[in-house]
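Quick notes on the structure that follows.
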Amino acid sequence: MEALNLTPQNWPRYHGFVSADWIEGTSYRRFRRYDMTLPLPTQAIIGQVCIFIVLTPSDNQIFFKCDNCFRQHQPTNLNCSMTVHRAHSFLDKTTRLFDFKTQQRIPGRWKQVGIETYGQSRLTVETWKCVHIN
Ligand SMILES: [Zn+2]
C-alpha cells in the first residue's frame with residue numbers, strides 16, 4: 001500500500017467530513033473513505049484493506065445517541081435517535097460496523113490495523129482490514 005504522507009498541511013479537515021460511509025457500534029465513530037474515488041467494500045474478502053478518515057463524535061452525541069448526523073448533531077434530522085429522544089440506538093448492541101445510510105451490518109469482520117493521529121484533531125486516519133468472512 002502506498003504511504004499517505006500525512007502532514008499538518010494536508011491533514012483531513014473537520015469541516016471536510018461531509019458524509020459518512022460506515023458507523024461503528026457502541027463508539028458511534030463515523031468512517032469516511034480516505035480516497036472517495038475508491039469503491040467501498042461491499043463483500044467480505046479476507047485481507048481486503050480500506051483506509052478511512054474516522055470522526056469521533058462528542059461525548060454528548062454518544063450519550064444522547066446521535067446516530068444519523070455525519071458530523072455535528074442536526075436537531076432537524078428526524079432520522080437521528082437524539083432528535084426523537086429514542087432510548088435505544090441500533091448502535092448500542094455491538095461493536096460491529098454498519099452502513100451509515102442503510103444501518104445494515106457491514107459484511108465480514110473488520111479490524112483496525114493502523115492509525116494516525118494529529119494533535120487535538122477529532123479525526124484519525126485508520127487502516128482497516130477484513131479478517132473474517134462473517
Ligand atoms: Zn444527530
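Going through the C-alpha cells in order, the chains are called A, B, and so on, while each chain numbers its residues from 1 and the ligands are numbered from 1 in the order shown.
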For chain A against ligand 1, with a cut-off of 12 Å and counting only C-alpha atoms and all ligand atoms, what is the closest atom pair and its distance in Å to one decimal for every residue that makes the cut, ordered by chain and number, as a tab-separated table?
```
residue	atom	partner	partner_atom_place_in_ligand_line	distance
A:Tyr28	CA	ligand 1	1 (Zn)	10.6
A:Arg30	CA	ligand 1	1 (Zn)	11.9
A:Pro57	CA	ligand 1	1 (Zn)	9.9
A:Ser58	CA	ligand 1	1 (Zn)	10.7
A:Asn60	CA	ligand 1	1 (Zn)	10.1
A:Gln61	CA	ligand 1	1 (Zn)	6.8
A:Ile62	CA	ligand 1	1 (Zn)	9.3
A:Phe63	CA	ligand 1	1 (Zn)	11.0
A:Phe64	CA	ligand 1	1 (Zn)	8.5
A:Lys65	CA	ligand 1	1 (Zn)	7.3
A:Cys66	CA	ligand 1	1 (Zn)	3.7
A:Asp67	CA	ligand 1	1 (Zn)	5.6
A:Asn68	CA	ligand 1	1 (Zn)	5.3
A:Cys69	CA	ligand 1	1 (Zn)	4.4
A:Phe70	CA	ligand 1	1 (Zn)	7.8
A:Arg71	CA	ligand 1	1 (Zn)	8.2
A:Gln72	CA	ligand 1	1 (Zn)	6.8
A:His73	CA	ligand 1	1 (Zn)	3.7
A:Gln74	CA	ligand 1	1 (Zn)	5.2
A:Pro75	CA	ligand 1	1 (Zn)	6.7
A:Thr76	CA	ligand 1	1 (Zn)	8.6
A:Asn77	CA	ligand 1	1 (Zn)	6.6
A:Leu78	CA	ligand 1	1 (Zn)	8.5
A:Asn79	CA	ligand 1	1 (Zn)	8.0
A:Cys80	CA	ligand 1	1 (Zn)	4.7
A:Ser81	CA	ligand 1	1 (Zn)	6.7
A:Met82	CA	ligand 1	1 (Zn)	5.4
A:Thr83	CA	ligand 1	1 (Zn)	6.3
A:Val84	CA	ligand 1	1 (Zn)	9.4
A:His85	CA	ligand 1	1 (Zn)	10.3
A:Arg86	CA	ligand 1	1 (Zn)	11.2
A:Ser89	CA	ligand 1	1 (Zn)	11.3
```
Contacts of Ser19 of chain A within 7 Å, only C-alpha atoms, excl. fewer than 2 positions in-chain, as number ranges by chain: A: 17, 21, 32, 70
Save out the residues we just selected, N, CA and C atoms, as a tab-separated table (two decimals), in the first residue's frame.
```tsv
chain	number	residue	atom	x	y	z
A	17	PHE	N	-15.48	16.77	6.53
A	17	PHE	CA	-16.13	15.48	6.79
A	17	PHE	C	-17.62	15.64	6.47
A	21	ASP	N	-19.50	6.84	5.42
A	21	ASP	CA	-19.78	5.55	4.77
A	21	ASP	C	-20.25	4.52	5.80
A	32	ARG	N	-15.28	7.56	6.97
A	32	ARG	CA	-15.41	8.09	5.61
A	32	ARG	C	-14.17	7.65	4.85
A	70	PHE	N	-23.81	13.13	10.15
A	70	PHE	CA	-22.45	12.72	9.82
A	70	PHE	C	-21.39	13.43	10.65
```
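Looking only at chain A, the set that DSSP places in alpha helix (DSSP H) from backbone geometry is Asp59, Asn60, Gln61, Ile62 and Phe63 of chain A.
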Produce a file of the selected residues containing C-alpha atoms, as a PDB file, in the first residue's frame.
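Once everything was written out, this is part_22.pdb:
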```pdb
ATOM      1  CA  ASP A  59     -19.485  12.714  24.423  1.00  0.00           C
ATOM      2  CA  ASN A  60     -22.867  14.445  24.195  1.00  0.00           C
ATOM      3  CA  GLN A  61     -23.590  12.875  20.820  1.00  0.00           C
ATOM      4  CA  ILE A  62     -22.751   9.440  22.152  1.00  0.00           C
ATOM      5  CA  PHE A  63     -24.730   9.896  25.385  1.00  0.00           C
TER       6      PHE A  63
END
```
Close residues, Leu55 of chain A itself excluded, 7 Å, only C-alpha atoms, min 4 positions apart in chain, as a ChimeraX atom specification: /A:29-31,122-124
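Closest approach to His15 of chain A from the set A:Ser121, A:Ala87, A:Ser27, A:Gln103 is made by A:Ser121, with distances taken over only C-alpha atoms.
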Selection near Gln48 of chain A, 12 Å with only C-alpha atoms, sequence-local residues under 2 positions removed, as a ChimeraX atom specification: /A:1,40-46,50-51,107-113,127-133
Residues from the last selection, N, CA and C atoms, saved as a PDB file, in the first residue's frame:
```pdb
ATOM      1  N   MET A   1       0.837  -1.190   0.000  1.00  0.00           N
ATOM      2  CA  MET A   1       0.000   0.000   0.000  1.00  0.00           C
ATOM      3  C   MET A   1       0.877   1.247   0.000  1.00  0.00           C
ATOM      4  N   LEU A  40     -16.336   1.495  -2.010  1.00  0.00           N
ATOM      5  CA  LEU A  40     -16.493   0.996  -0.652  1.00  0.00           C
ATOM      6  C   LEU A  40     -16.600  -0.528  -0.720  1.00  0.00           C
ATOM      7  N   PRO A  41     -15.920  -1.239   0.176  1.00  0.00           N
ATOM      8  CA  PRO A  41     -16.056  -2.705   0.152  1.00  0.00           C
ATOM      9  C   PRO A  41     -17.517  -3.111   0.359  1.00  0.00           C
ATOM     10  N   THR A  42     -17.997  -4.022  -0.482  1.00  0.00           N
ATOM     11  CA  THR A  42     -19.379  -4.487  -0.344  1.00  0.00           C
ATOM     12  C   THR A  42     -19.450  -5.966   0.003  1.00  0.00           C
ATOM     13  N   GLN A  43     -18.302  -6.653  -0.084  1.00  0.00           N
ATOM     14  CA  GLN A  43     -18.253  -8.070   0.259  1.00  0.00           C
ATOM     15  C   GLN A  43     -17.133  -8.297   1.258  1.00  0.00           C
ATOM     16  N   ALA A  44     -17.281  -9.377   2.013  1.00  0.00           N
ATOM     17  CA  ALA A  44     -16.233  -9.745   2.958  1.00  0.00           C
ATOM     18  C   ALA A  44     -15.186 -10.566   2.222  1.00  0.00           C
ATOM     19  N   ILE A  45     -14.050  -9.971   1.987  1.00  0.00           N
ATOM     20  CA  ILE A  45     -12.936 -10.680   1.351  1.00  0.00           C
ATOM     21  C   ILE A  45     -11.752 -10.570   2.311  1.00  0.00           C
ATOM     22  N   ILE A  46     -11.338 -11.710   2.838  1.00  0.00           N
ATOM     23  CA  ILE A  46     -10.271 -11.695   3.831  1.00  0.00           C
ATOM     24  C   ILE A  46      -9.011 -11.065   3.251  1.00  0.00           C
ATOM     25  N   CYS A  50      -9.045  -1.156   3.672  1.00  0.00           N
ATOM     26  CA  CYS A  50      -9.625   0.133   3.308  1.00  0.00           C
ATOM     27  C   CYS A  50      -9.145   1.183   4.318  1.00  0.00           C
ATOM     28  N   ILE A  51      -8.797   2.349   3.810  1.00  0.00           N
ATOM     29  CA  ILE A  51      -8.328   3.439   4.672  1.00  0.00           C
ATOM     30  C   ILE A  51      -9.481   4.435   4.855  1.00  0.00           C
ATOM     31  N   PRO A 107     -20.705  -6.509   5.797  1.00  0.00           N
ATOM     32  CA  PRO A 107     -20.304  -7.921   5.710  1.00  0.00           C
ATOM     33  C   PRO A 107     -18.868  -8.117   6.191  1.00  0.00           C
ATOM     34  N   GLY A 108     -18.660  -9.192   6.915  1.00  0.00           N
ATOM     35  CA  GLY A 108     -17.321  -9.538   7.377  1.00  0.00           C
ATOM     36  C   GLY A 108     -16.983  -8.880   8.701  1.00  0.00           C
ATOM     37  N   ARG A 109     -15.865  -9.347   9.230  1.00  0.00           N
ATOM     38  CA  ARG A 109     -15.380  -8.782  10.486  1.00  0.00           C
ATOM     39  C   ARG A 109     -14.125  -7.988  10.161  1.00  0.00           C
ATOM     40  N   TRP A 110     -14.112  -6.739  10.549  1.00  0.00           N
ATOM     41  CA  TRP A 110     -13.028  -5.829  10.207  1.00  0.00           C
ATOM     42  C   TRP A 110     -12.255  -5.452  11.460  1.00  0.00           C
ATOM     43  N   LYS A 111     -10.965  -5.244  11.246  1.00  0.00           N
ATOM     44  CA  LYS A 111     -10.077  -4.950  12.358  1.00  0.00           C
ATOM     45  C   LYS A 111      -9.216  -3.748  12.003  1.00  0.00           C
ATOM     46  N   GLN A 112      -9.046  -2.853  12.953  1.00  0.00           N
ATOM     47  CA  GLN A 112      -8.161  -1.709  12.742  1.00  0.00           C
ATOM     48  C   GLN A 112      -6.714  -2.209  12.785  1.00  0.00           C
ATOM     49  N   VAL A 113      -5.958  -1.945  11.716  1.00  0.00           N
ATOM     50  CA  VAL A 113      -4.566  -2.403  11.677  1.00  0.00           C
ATOM     51  C   VAL A 113      -3.576  -1.236  11.627  1.00  0.00           C
ATOM     52  N   THR A 127      -6.413   2.475   9.042  1.00  0.00           N
ATOM     53  CA  THR A 127      -6.418   1.386   8.071  1.00  0.00           C
ATOM     54  C   THR A 127      -7.159   0.212   8.695  1.00  0.00           C
ATOM     55  N   TRP A 128      -8.145  -0.284   7.959  1.00  0.00           N
ATOM     56  CA  TRP A 128      -8.953  -1.404   8.432  1.00  0.00           C
ATOM     57  C   TRP A 128      -8.822  -2.560   7.452  1.00  0.00           C
ATOM     58  N   LYS A 129      -8.844  -3.765   8.015  1.00  0.00           N
ATOM     59  CA  LYS A 129      -8.642  -4.972   7.217  1.00  0.00           C
ATOM     60  C   LYS A 129      -9.740  -5.975   7.538  1.00  0.00           C
ATOM     61  N   CYS A 130     -10.238  -6.624   6.490  1.00  0.00           N
ATOM     62  CA  CYS A 130     -11.228  -7.677   6.686  1.00  0.00           C
ATOM     63  C   CYS A 130     -10.505  -8.944   7.146  1.00  0.00           C
ATOM     64  N   VAL A 131     -10.862  -9.438   8.322  1.00  0.00           N
ATOM     65  CA  VAL A 131     -10.132 -10.572   8.901  1.00  0.00           C
ATOM     66  C   VAL A 131     -10.992 -11.836   9.013  1.00  0.00           C
ATOM     67  N   HIS A 132     -12.260 -11.710   8.733  1.00  0.00           N
ATOM     68  CA  HIS A 132     -13.153 -12.867   8.835  1.00  0.00           C
ATOM     69  C   HIS A 132     -14.335 -12.640   7.918  1.00  0.00           C
ATOM     70  N   ILE A 133     -14.875 -13.736   7.369  1.00  0.00           N
ATOM     71  CA  ILE A 133     -15.958 -13.512   6.391  1.00  0.00           C
ATOM     72  C   ILE A 133     -17.322 -13.281   7.020  1.00  0.00           C
TER      73      ILE A 133
END
```
Compile a residue-level contact table for segment 16-39 of chain A against segment 90-95 of chain A at a cut-off of 7 Å, reporting for every qualifying residue the shortest atom pair and its distance in Å to one decimal, with only C-alpha atoms counted, rows ordered by chain and ascending number, as CSV.
```
residue,atom,partner,partner_atom,distance
A:Glu24,CA,A:Thr95,CA,6.1
A:Gly25,CA,A:Thr95,CA,4.1
A:Thr26,CA,A:Asp92,CA,5.0
A:Tyr28,CA,A:Leu91,CA,6.9
```
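For the pair atom CA of Gly47 of chain A and atom CA of Asn134 of chain A, the separation is 13.3 Å.
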Residues within 12 Å of Pro8 of chain A, only C-alpha atoms, excluding chain neighbours under 6 positions, as a PyMOL selection string: chain A and resi 116-121
